[in-house]
>>> print(open('work_21.txt').read())   # compact mmCIF, C-alpha atoms and all ligand atoms
# COMPACT_ATOMS: atom_id res chain seq x y z
CA MET A 1 104.84 90.35 103.56
CA SER A 2 101.28 91.55 104.17
CA ALA A 3 100.26 94.81 102.55
CA LEU A 4 99.81 98.06 104.48
CA ILE A 5 96.79 98.87 102.31
CA GLU A 6 94.71 96.37 100.39
CA PHE A 7 91.63 96.95 98.25
CA LYS A 8 89.96 93.72 97.13
CA GLY A 9 86.99 93.46 94.79
CA PHE A 10 86.27 97.07 95.70
CA ASN A 11 83.15 98.70 94.21
CA LYS A 12 81.75 102.20 94.54
CA TYR A 13 78.63 103.67 92.94
CA PHE A 14 77.27 107.19 92.76
CA GLY A 15 73.58 106.40 92.19
CA SER A 16 73.52 103.91 89.36
CA HIS A 17 76.94 105.00 88.04
CA GLN A 18 79.68 102.56 89.01
CA VAL A 19 82.80 104.71 89.55
CA LEU A 20 85.07 102.01 91.00
CA ASN A 21 84.76 98.58 89.50
CA ASN A 22 86.25 95.52 91.17
CA VAL A 23 89.46 97.31 92.19
CA ASP A 24 92.24 95.10 93.56
CA LEU A 25 95.26 97.04 94.82
CA ALA A 26 97.81 96.07 97.44
CA VAL A 27 100.33 98.66 98.64
CA GLN A 28 103.36 97.62 100.70
CA ALA A 29 104.80 99.80 103.45
CA GLY A 30 107.28 102.25 101.94
CA GLU A 31 105.87 101.90 98.45
CA VAL A 32 105.09 104.95 96.30
CA ILE A 33 102.14 104.46 93.96
CA VAL A 34 101.22 107.01 91.31
CA ILE A 35 97.68 106.68 90.01
CA LEU A 36 97.17 107.92 86.47
CA GLY A 37 94.16 107.94 84.19
CA PRO A 38 91.76 110.18 82.29
CA SER A 39 89.50 112.67 84.01
CA GLY A 40 86.56 110.99 85.72
CA CYS A 41 88.13 107.52 85.85
CA GLY A 42 87.85 107.37 89.64
CA LYS A 43 91.31 108.40 90.96
CA SER A 44 90.06 110.90 93.55
CA THR A 45 87.23 108.62 94.58
CA LEU A 46 89.68 105.79 95.25
CA LEU A 47 91.79 108.03 97.52
CA ARG A 48 88.70 109.44 99.23
CA CYS A 49 87.44 105.93 100.00
CA LEU A 50 90.73 105.19 101.73
CA ASN A 51 90.16 107.82 104.38
CA GLY A 52 86.42 107.51 104.63
CA LEU A 53 85.38 110.65 102.73
CA GLU A 54 83.40 108.33 100.47
CA VAL A 55 81.70 105.10 101.45
CA ALA A 56 82.26 101.95 99.43
CA HIS A 57 79.43 99.87 98.07
CA SER A 58 81.07 96.46 98.44
CA GLY A 59 84.39 94.70 98.59
CA SER A 60 87.18 94.76 101.12
CA LEU A 61 89.59 97.46 102.28
CA CYS A 62 92.28 96.65 104.83
CA LEU A 63 94.69 99.01 106.57
CA ALA A 64 97.56 97.21 108.30
CA GLY A 65 95.53 94.00 108.20
CA ASP A 66 92.37 95.53 109.73
CA GLU A 67 89.21 95.41 107.62
CA LEU A 68 87.62 98.88 107.49
CA LEU A 69 84.40 98.03 105.65
CA GLY A 70 81.21 96.40 106.85
CA LYS A 71 81.56 97.54 110.44
CA ALA A 72 81.46 100.71 112.54
CA THR A 73 84.94 101.97 111.68
CA ASP A 74 86.14 105.09 113.53
CA TRP A 75 87.18 107.07 110.45
CA ARG A 76 88.58 109.92 112.57
CA GLN A 77 91.04 107.38 113.92
CA VAL A 78 91.80 106.12 110.40
CA ARG A 79 92.39 109.68 109.15
CA GLN A 80 95.16 110.11 111.70
CA GLN A 81 96.92 107.22 110.00
CA VAL A 82 96.01 108.21 106.46
CA GLY A 83 96.97 111.83 105.77
CA MET A 84 95.50 113.51 102.71
CA VAL A 85 96.47 116.67 100.87
CA PHE A 86 94.31 118.13 98.11
CA GLN A 87 94.58 120.79 95.44
CA SER A 88 93.26 123.43 97.86
CA TYR A 89 95.14 123.71 101.11
CA HIS A 90 92.48 125.18 103.43
CA LEU A 91 94.73 126.69 106.06
CA PHE A 92 92.95 128.73 108.73
CA GLY A 93 93.54 132.38 107.81
CA HIS A 94 93.29 133.70 111.36
CA MET A 95 95.95 131.32 112.69
CA SER A 96 99.72 131.41 112.30
CA VAL A 97 101.52 128.72 110.35
CA LEU A 98 102.62 127.00 113.55
CA ASP A 99 99.12 127.12 115.06
CA ASN A 100 97.64 125.65 111.87
CA ILE A 101 100.10 122.77 112.07
CA LEU A 102 99.61 122.19 115.81
CA LEU A 103 95.81 122.11 115.71
CA GLY A 104 95.56 118.36 114.98
CA PRO A 105 98.42 117.21 117.23
CA LEU A 106 97.12 119.24 120.20
CA LYS A 107 93.33 119.06 119.82
CA VAL A 108 92.86 115.68 118.17
CA GLN A 109 95.87 113.72 119.38
CA ARG A 110 96.12 115.57 122.72
CA ARG A 111 99.89 115.66 122.59
CA GLU A 112 102.22 117.79 124.71
CA ARG A 113 102.72 121.24 123.19
CA ALA A 114 106.52 121.21 123.56
CA GLU A 115 106.90 117.82 121.87
CA ALA A 116 104.45 118.64 119.05
CA THR A 117 106.07 122.06 118.50
CA ALA A 118 109.52 120.47 118.23
CA GLN A 119 108.21 118.10 115.55
CA ALA A 120 106.39 120.91 113.71
CA GLU A 121 109.54 123.03 113.66
CA ALA A 122 111.65 120.11 112.43
CA LEU A 123 109.16 119.47 109.62
CA LEU A 124 109.10 123.18 108.72
CA ARG A 125 112.89 123.09 108.47
CA ARG A 126 112.66 120.04 106.25
CA VAL A 127 110.41 121.86 103.76
CA GLY A 128 112.46 125.07 103.98
CA LEU A 129 109.81 127.16 105.78
CA TRP A 130 111.01 127.34 109.37
CA ASP A 131 111.33 131.12 109.09
CA LYS A 132 107.60 131.33 108.25
CA ARG A 133 106.37 129.65 111.44
CA ASP A 134 104.83 132.86 112.82
CA ALA A 135 103.49 134.12 109.47
CA PHE A 136 99.83 134.02 108.51
CA PRO A 137 98.65 132.10 105.43
CA ARG A 138 97.85 135.31 103.48
CA GLN A 139 101.52 136.28 103.73
CA LEU A 140 102.59 133.09 101.92
CA SER A 141 102.63 132.07 98.27
CA GLY A 142 100.45 129.21 97.06
CA GLY A 143 103.45 126.89 96.94
CA GLN A 144 104.42 127.82 100.47
CA GLN A 145 100.87 127.29 101.72
CA GLN A 146 100.75 123.89 100.06
CA ARG A 147 104.02 122.89 101.75
CA ILE A 148 102.50 123.98 105.07
CA ALA A 149 99.44 121.84 104.34
CA ILE A 150 101.76 118.87 103.79
CA VAL A 151 103.58 119.58 107.06
CA ARG A 152 100.23 119.87 108.87
CA SER A 153 99.35 116.39 107.66
CA LEU A 154 102.81 114.92 108.41
CA CYS A 155 102.75 116.28 111.96
CA MET A 156 100.00 113.75 112.76
CA ASN A 157 102.55 110.97 112.05
CA PRO A 158 100.44 109.19 109.43
CA ARG A 159 101.40 105.73 108.15
CA VAL A 160 100.44 106.69 104.63
CA MET A 161 100.03 109.95 102.72
CA LEU A 162 97.55 110.57 99.91
CA PHE A 163 98.18 113.40 97.46
CA ASP A 164 95.43 114.41 95.04
CA GLU A 165 96.70 116.82 92.37
CA VAL A 166 98.42 118.97 94.98
CA THR A 167 100.16 121.14 92.38
CA ALA A 168 97.24 121.53 89.96
CA ALA A 169 96.25 124.99 91.22
CA LEU A 170 99.78 126.38 91.59
CA ASP A 171 101.68 128.75 89.33
CA PRO A 172 104.30 126.82 87.38
CA GLU A 173 107.24 128.27 89.32
CA MET A 174 105.78 126.93 92.58
CA VAL A 175 105.14 123.41 91.36
CA LYS A 176 108.73 122.26 91.70
CA GLU A 177 109.14 123.29 95.37
CA VAL A 178 106.08 121.21 96.31
CA LEU A 179 107.11 118.20 94.23
CA GLU A 180 110.58 118.33 95.83
CA VAL A 181 108.95 117.88 99.23
CA ILE A 182 107.11 114.78 98.03
CA LEU A 183 110.30 113.39 96.48
CA ASP A 184 112.03 113.94 99.81
CA LEU A 185 109.25 112.00 101.57
CA ALA A 186 109.68 109.16 99.06
CA ARG A 187 113.40 109.00 99.81
CA GLY A 188 112.53 108.88 103.50
CA GLY A 189 110.40 105.77 102.96
CA MET A 190 106.90 107.26 103.35
CA THR A 191 104.13 105.10 101.89
CA MET A 192 102.24 107.27 99.42
CA LEU A 193 99.43 107.18 96.88
CA ILE A 194 99.78 110.10 94.52
CA VAL A 195 97.46 111.43 91.82
CA THR A 196 99.28 113.87 89.56
CA HIS A 197 99.36 115.22 86.04
CA GLU A 198 103.10 115.89 86.28
CA MET A 199 104.42 112.99 84.23
CA ALA A 200 108.15 113.59 84.73
CA PHE A 201 107.53 113.72 88.46
CA ALA A 202 105.40 110.55 88.32
CA ARG A 203 108.19 108.77 86.55
CA ALA A 204 110.80 109.96 89.06
CA VAL A 205 108.88 109.31 92.26
CA ALA A 206 106.86 106.16 91.62
CA ASP A 207 107.78 102.61 92.49
CA ARG A 208 104.67 101.58 90.60
CA ILE A 209 102.28 103.29 88.21
CA VAL A 210 98.64 102.28 88.46
CA PHE A 211 96.66 103.24 85.36
CA MET A 212 92.88 103.47 85.65
CA ASP A 213 90.15 103.79 83.10
CA ALA A 214 86.40 103.97 83.77
CA GLY A 215 86.71 102.83 87.37
CA ARG A 216 89.02 99.87 86.72
CA ILE A 217 92.73 99.38 87.11
CA ILE A 218 93.76 98.31 83.65
CA GLU A 219 97.57 98.44 83.93
CA GLN A 220 100.21 98.38 86.67
CA HIS A 221 103.92 98.60 86.02
CA ASN A 222 107.17 100.04 87.20
CA PRO A 223 107.48 103.56 85.74
CA GLU A 224 110.09 102.70 83.11
CA ALA A 225 107.92 99.95 81.66
CA PHE A 226 104.78 102.04 81.82
CA PHE A 227 106.22 105.15 80.19
CA THR A 228 108.29 103.41 77.54
CA ASN A 229 106.03 100.51 76.73
CA PRO A 230 102.41 100.92 77.84
CA GLN A 231 100.47 97.74 77.22
CA THR A 232 96.96 99.04 76.56
CA ALA A 233 95.75 101.35 73.79
CA ARG A 234 94.05 103.45 76.47
CA ALA A 235 97.33 104.09 78.30
CA GLN A 236 99.10 104.84 75.00
CA GLN A 237 96.46 107.44 74.11
CA PHE A 238 96.68 108.93 77.58
CA LEU A 239 100.48 109.30 77.45
CA GLU A 240 100.40 110.84 73.99
CA LYS A 241 98.65 113.82 75.55
CA PHE A 242 101.63 114.56 77.79
CA SER A 243 105.11 115.68 76.90
CA TYR A 244 106.42 113.23 79.46
CA VAL A 245 109.75 112.90 77.67
CA GLU A 246 110.97 116.07 79.39
CA ALA A 247 112.47 113.95 82.11
CA MET A 248 113.33 115.43 85.46
CA PRO A 249 117.01 116.11 86.02
CA LYS A 250 118.76 112.99 87.29
CA SER A 251 119.51 114.60 90.65
CA HIS A 252 115.77 114.56 91.41
CA ALA A 253 115.25 110.92 90.59
CA LYS A 254 114.43 108.79 93.56
CA GLU A 255 117.48 107.00 94.92
CA LEU A 256 116.69 103.33 94.80
CA SER A 257 117.90 101.46 97.79
N1 LIG B 1 79.88 113.27 94.81
C1 LIG B 1 79.65 112.74 93.60
N2 LIG B 1 78.40 112.48 93.17
C2 LIG B 1 78.16 111.92 91.96
N3 LIG B 1 79.13 111.57 91.08
C3 LIG B 1 80.40 111.81 91.46
C4 LIG B 1 80.73 112.40 92.72
N4 LIG B 1 82.08 112.51 92.80
C5 LIG B 1 82.56 112.01 91.66
N5 LIG B 1 81.57 111.59 90.84
C6 LIG B 1 81.73 110.94 89.53
O1 LIG B 1 82.54 109.80 89.74
C7 LIG B 1 83.43 109.64 88.66
C8 LIG B 1 84.86 109.58 89.18
O2 LIG B 1 85.18 110.84 89.71
P1 LIG B 1 86.62 111.17 90.31
O3 LIG B 1 86.54 112.54 90.85
O4 LIG B 1 87.03 110.08 91.20
O5 LIG B 1 87.51 111.13 88.98
P2 LIG B 1 89.03 111.53 88.77
O6 LIG B 1 89.68 110.39 88.11
O7 LIG B 1 89.60 112.00 90.07
O8 LIG B 1 88.93 112.74 87.74
P3 LIG B 1 89.83 114.08 87.58
O9 LIG B 1 91.11 113.66 86.91
O10 LIG B 1 89.02 114.98 86.72
O11 LIG B 1 90.06 114.62 88.96
C9 LIG B 1 83.17 110.78 87.68
O12 LIG B 1 82.30 110.31 86.68
C10 LIG B 1 82.48 111.81 88.55
O13 LIG B 1 81.61 112.59 87.79
MG MG B 2 90.32 113.83 90.75
>>> encode(input="work_21.txt", output="structure tokens", more="lines below")
Ligand SMILES: Nc1ncnc2c1ncn2[C@@H]1O[C@H](COP(=O)(O)OP(=O)(O)OP(=O)(O)O)[C@@H](O)[C@H]1O
Ligand SMILES: [Mg+2]
Amino acid sequence: MSALIEFKGFNKYFGSHQVLNNVDLAVQAGEVIVILGPSGCGKSTLLRCLNGLEVAHSGSLCLAGDELLGKATDWRQVRQQVGMVFQSYHLFGHMSVLDNILLGPLKVQRRERAEATAQAEALLRRVGLWDKRDAFPRQLSGGQQQRIAIVRSLCMNPRVMLFDEVTAALDPEMVKEVLEVILDLARGGMTMLIVTHEMAFARAVADRIVFMDAGRIIEQHNPEAFFTNPQTARAQQFLEKFSYVEAMPKSHAKELS
């Protein structure tokens, strides 16, 4: 089976600093990848390269078999297929929740309002925020706003979702409600690349853990193998910093099909 996303011999520099070094990573449709690694190892840069927020230096990057590098790629088109959610949610304060969500579907994708609204409302129900559709962002908690940001991205019908530390700025009591949404997406078969510092969540949601250090992928394993028996000293040191043994309750673990 050919991969939905494939980085091959992928290199990225900022000036003379090589931040991604010969990265090879193939992601199958429906796969959930969690990228771990110390600060500055290149996790965000890798995600940003995948939707054209950063430009690669050399190598190959394919989405659904199409090479994106070395030619005039329409990155706006790619971004409709590759949704990304960051730490900060950037909702428009003067627009209602529903209008924030509908902006992309109506203005960028030029879809019918009734059809897009029906999808937006269904997604809001799925994340437990249907009753907030007419609220303004300032009336919502950080966790609620982040769930809206996820819905906004999902309403473009992306083929893959990228999450970069989406709970890092939230109060602890709001982290769980956002992680639950991502777990739900995993159960629904969404292809995802996730950067997180929530180790119990990483272990529960991932099909594969990719561990990076200094711009390279140095380990890839299923979560059980990675968390119980990391192969490199670097990964061992990294894990020692987290109390990852506080496993998520079993009911949250991804149901393996
Ligand atoms: N726009 C930029 N210009 C120059 N250097 C950059 C830029 N963005 C990132 N870097 C550098 O590239 C390296 C990788 O950064 P990146 O943000 O991808 O790391 P990260 O793994 O996401 O770290 P963190 O866990 O702290 O978010 C770091 O050394 C960083 O300082
Ligand atoms: Mg980062």
>>> residues_near_ligand(input="work_21.txt", ligand="ligand LIG 1 (chain B)", cutoff="9 Å", atoms="only C-alpha atoms and all ligand atoms", output="ChimeraX atom specification")
/A:13-15,17-20,36-48,54,164-165,195-197,212-215
>>> closest_residue(input="work_21.txt", among="A:Glu198, A:Asp99, A:Glu180, A:Asp24", to="A:Ala168", atoms="all atoms listed in the file")
A:Glu198
>>> closest_residue(input="work_21.txt", among="A:Ile194, A:Gly104, A:Trp130, A:Lys241", to="ligand MG 2 (chain B)", atoms="only C-alpha atoms and all ligand atoms")
A:Ile194
>>> residues_near_point(input="work_21.txt", point="(108.6, 117.7, 95.9)", cutoff="10 Å", atoms="all atoms listed in the file", output="MDAnalysis selection string")
chainID A and resid 127 147 167 175:186 201 205 252
>>> closest_residue(input="work_21.txt", among="A:Ala120, A:Ala200, A:Leu239, A:Ile217", to="A:Asn11", atoms="all atoms listed in the file")
A:Ile217
>>> atom_distance(input="work_21.txt", atom1="atom CA of A:Ala225", atom2="atom CA of A:Arg203")
10.1 Å
>>> closest_residue(input="work_21.txt", among="A:Leu63, A:Ile35, A:Arg79, A:Thr232", to="ligand MG 2 (chain B)", atoms="all atoms listed in the file")
A:Ile35
>>> atom_distance(input="work_21.txt", atom1="atom CA of A:Val82", atom2="atom CA of A:Met161")
5.8 Å
>>> residues_near_point(input="work_21.txt", point="(108.4, 128.4, 108.5)", cutoff="10 Å", atoms="only C-alpha atoms", output="ChimeraX atom specification")
/A:96-98,120-135,140,144,147-148
>>> closest_residue(input="work_21.txt", among="A:Val34, A:Ala118, A:Ala64, A:Leu50", to="A:Ser2", atoms="all atoms listed in the file")
A:Ala64
>>> closest_residue(input="work_21.txt", among="A:Ala116, A:Ala204, A:Val108, A:Ala29", to="A:Gln80", atoms="only C-alpha atoms")
A:Val108
>>> residues_around(input="work_21.txt", residues="A:Gln28", least_positions_apart="5", cutoff="9 Å", atoms="only C-alpha atoms", output="list in words")
Met1, Ser2, Ala3, Leu4, Ile5, Glu6 and Thr191 of chain A
>>> atom_distance(input="work_21.txt", atom1="atom CA of A:Arg111", atom2="atom CA of A:Met156")
10.0 Å
>>> axis_aligned_box(input="work_21.txt", around="stretch 125-136 of chain A", padding_each_side="8 Å", output="lines of an AutoDock Vina configuration file")
center_x = 106.4
center_y = 127.1
center_z = 108.3
size_x = 29.1
size_y = 30.1
size_z = 25.1
>>> residues_around(input="work_21.txt", residues="A:Arg208", least_positions_apart="6", cutoff="10 Å", atoms="all atoms listed in the file", output="ChimeraX atom specification")
/A:27,31-35,193,202,220-226
>>> residues_around(input="work_21.txt", residues="A:Phe7", least_positions_apart="6", cutoff="8 Å", atoms="all atoms listed in the file", output="list in words")
Val23, Asp24, Leu25, Ala26, Gly59, Ser60, Leu61 and Cys62 of chain A
>>> residues_around(input="work_21.txt", residues="A:Tyr89", least_positions_apart="2", cutoff="7 Å", atoms="all atoms listed in the file", output="list in words")
Phe86, Gln87, Leu91, Gln145, Gln146 and Ala149 of chain A
>>> decode(input="work_21.txt", residues="stretch 42-71 of chain A", atoms="N, CA, C and O atoms", output="JSON list (two decimals), in the first residue's frame")
[["chain", "number", "residue", "atom", "x", "y", "z"],
["A", 42, "GLY", "N", 13.09, 19.78, 16.10],
["A", 42, "GLY", "CA", 12.57, 19.92, 14.74],
["A", 42, "GLY", "C", 11.14, 19.42, 14.54],
["A", 42, "GLY", "O", 10.66, 19.35, 13.41],
["A", 43, "LYS", "N", 10.42, 19.13, 15.63],
["A", 43, "LYS", "CA", 9.05, 18.58, 15.51],
["A", 43, "LYS", "C", 8.11, 19.55, 14.79],
["A", 43, "LYS", "O", 7.43, 19.18, 13.84],
["A", 44, "SER", "N", 8.08, 20.80, 15.28],
["A", 44, "SER", "CA", 7.18, 21.78, 14.66],
["A", 44, "SER", "C", 7.58, 22.05, 13.22],
["A", 44, "SER", "O", 6.73, 22.18, 12.34],
["A", 45, "THR", "N", 8.88, 22.13, 12.98],
["A", 45, "THR", "CA", 9.35, 22.41, 11.63],
["A", 45, "THR", "C", 8.90, 21.30, 10.67],
["A", 45, "THR", "O", 8.48, 21.57, 9.54],
["A", 46, "LEU", "N", 8.96, 20.06, 11.12],
["A", 46, "LEU", "CA", 8.53, 18.95, 10.27],
["A", 46, "LEU", "C", 7.05, 19.11, 9.90],
["A", 46, "LEU", "O", 6.68, 18.98, 8.73],
["A", 47, "LEU", "N", 6.21, 19.41, 10.89],
["A", 47, "LEU", "CA", 4.77, 19.60, 10.60],
["A", 47, "LEU", "C", 4.58, 20.81, 9.68],
["A", 47, "LEU", "O", 3.77, 20.76, 8.74],
["A", 48, "ARG", "N", 5.30, 21.88, 9.94],
["A", 48, "ARG", "CA", 5.12, 23.09, 9.15],
["A", 48, "ARG", "C", 5.54, 22.89, 7.69],
["A", 48, "ARG", "O", 4.97, 23.49, 6.79],
["A", 49, "CYS", "N", 6.54, 22.04, 7.49],
["A", 49, "CYS", "CA", 6.95, 21.74, 6.10],
["A", 49, "CYS", "C", 5.85, 21.00, 5.35],
["A", 49, "CYS", "O", 5.72, 21.10, 4.14],
["A", 50, "LEU", "N", 5.05, 20.23, 6.10],
["A", 50, "LEU", "CA", 4.03, 19.40, 5.47],
["A", 50, "LEU", "C", 2.85, 20.24, 4.96],
["A", 50, "LEU", "O", 2.11, 19.79, 4.09],
["A", 51, "ASN", "N", 2.66, 21.43, 5.51],
["A", 51, "ASN", "CA", 1.62, 22.25, 4.87],
["A", 51, "ASN", "C", 2.16, 23.58, 4.35],
["A", 51, "ASN", "O", 1.42, 24.54, 4.18],
["A", 52, "GLY", "N", 3.46, 23.56, 4.05],
["A", 52, "GLY", "CA", 4.03, 24.66, 3.28],
["A", 52, "GLY", "C", 4.28, 25.93, 4.06],
["A", 52, "GLY", "O", 4.52, 26.98, 3.47],
["A", 53, "LEU", "N", 4.23, 25.87, 5.40],
["A", 53, "LEU", "CA", 4.56, 27.06, 6.19],
["A", 53, "LEU", "C", 6.07, 27.26, 6.25],
["A", 53, "LEU", "O", 6.55, 28.34, 6.55],
["A", 54, "GLU", "N", 6.81, 26.19, 5.99],
["A", 54, "GLU", "CA", 8.27, 26.26, 5.84],
["A", 54, "GLU", "C", 8.63, 25.57, 4.53],
["A", 54, "GLU", "O", 7.93, 24.65, 4.11],
["A", 55, "VAL", "N", 9.71, 26.02, 3.94],
["A", 55, "VAL", "CA", 10.13, 25.45, 2.66],
["A", 55, "VAL", "C", 11.33, 24.54, 2.89],
["A", 55, "VAL", "O", 12.28, 24.92, 3.58],
["A", 56, "ALA", "N", 11.28, 23.36, 2.32],
["A", 56, "ALA", "CA", 12.37, 22.41, 2.48],
["A", 56, "ALA", "C", 13.58, 22.83, 1.67],
["A", 56, "ALA", "O", 13.47, 23.59, 0.71],
["A", 57, "HIS", "N", 14.73, 22.32, 2.08],
["A", 57, "HIS", "CA", 15.96, 22.58, 1.34],
["A", 57, "HIS", "C", 16.12, 21.54, 0.23],
["A", 57, "HIS", "O", 16.39, 21.86, -0.92],
["A", 58, "SER", "N", 15.97, 20.28, 0.59],
["A", 58, "SER", "CA", 16.10, 19.21, -0.41],
["A", 58, "SER", "C", 15.41, 17.96, 0.09],
["A", 58, "SER", "O", 15.03, 17.86, 1.26],
["A", 59, "GLY", "N", 15.27, 17.00, -0.79],
["A", 59, "GLY", "CA", 14.60, 15.76, -0.47],
["A", 59, "GLY", "C", 13.26, 15.69, -1.18],
["A", 59, "GLY", "O", 12.98, 16.48, -2.09],
["A", 60, "SER", "N", 12.44, 14.75, -0.74],
["A", 60, "SER", "CA", 11.17, 14.51, -1.39],
["A", 60, "SER", "C", 10.06, 14.51, -0.35],
["A", 60, "SER", "O", 10.25, 14.07, 0.79],
["A", 61, "LEU", "N", 8.90, 15.04, -0.74],
["A", 61, "LEU", "CA", 7.72, 15.00, 0.13],
["A", 61, "LEU", "C", 6.50, 14.74, -0.74],
["A", 61, "LEU", "O", 6.18, 15.55, -1.62],
["A", 62, "CYS", "N", 5.88, 13.59, -0.54],
["A", 62, "CYS", "CA", 4.71, 13.23, -1.35],
["A", 62, "CYS", "C", 3.46, 13.20, -0.50],
["A", 62, "CYS", "O", 3.47, 12.72, 0.63],
["A", 63, "LEU", "N", 2.37, 13.72, -1.07],
["A", 63, "LEU", "CA", 1.04, 13.62, -0.45],
["A", 63, "LEU", "C", 0.17, 12.85, -1.43],
["A", 63, "LEU", "O", -0.01, 13.29, -2.57],
["A", 64, "ALA", "N", -0.33, 11.72, -0.99],
["A", 64, "ALA", "CA", -1.15, 10.84, -1.84],
["A", 64, "ALA", "C", -0.46, 10.58, -3.18],
["A", 64, "ALA", "O", -1.09, 10.62, -4.24],
["A", 65, "GLY", "N", 0.85, 10.37, -3.11],
["A", 65, "GLY", "CA", 1.60, 10.01, -4.32],
["A", 65, "GLY", "C", 2.08, 11.18, -5.15],
["A", 65, "GLY", "O", 2.86, 11.02, -6.08],
["A", 66, "ASP", "N", 1.60, 12.41, -4.83],
["A", 66, "ASP", "CA", 2.05, 13.60, -5.59],
["A", 66, "ASP", "C", 3.24, 14.24, -4.92],
["A", 66, "ASP", "O", 3.17, 14.61, -3.74],
["A", 67, "GLU", "N", 4.31, 14.46, -5.68],
["A", 67, "GLU", "CA", 5.48, 15.16, -5.14],
["A", 67, "GLU", "C", 5.15, 16.64, -4.97],
["A", 67, "GLU", "O", 4.60, 17.27, -5.88],
["A", 68, "LEU", "N", 5.46, 17.19, -3.80],
["A", 68, "LEU", "CA", 5.12, 18.60, -3.52],
["A", 68, "LEU", "C", 6.33, 19.52, -3.70],
["A", 68, "LEU", "O", 6.17, 20.74, -3.80],
["A", 69, "LEU", "N", 7.53, 18.93, -3.68],
["A", 69, "LEU", "CA", 8.73, 19.77, -3.72],
["A", 69, "LEU", "C", 9.28, 19.88, -5.14],
["A", 69, "LEU", "O", 8.99, 19.07, -6.00],
["A", 70, "GLY", "N", 10.05, 20.95, -5.34],
["A", 70, "GLY", "CA", 10.76, 21.12, -6.61],
["A", 70, "GLY", "C", 9.86, 21.54, -7.75],
["A", 70, "GLY", "O", 10.21, 21.41, -8.92],
["A", 71, "LYS", "N", 8.66, 22.02, -7.43],
["A", 71, "LYS", "CA", 7.79, 22.54, -8.47],
["A", 71, "LYS", "C", 6.86, 23.58, -7.85],
["A", 71, "LYS", "O", 6.86, 23.78, -6.63]]
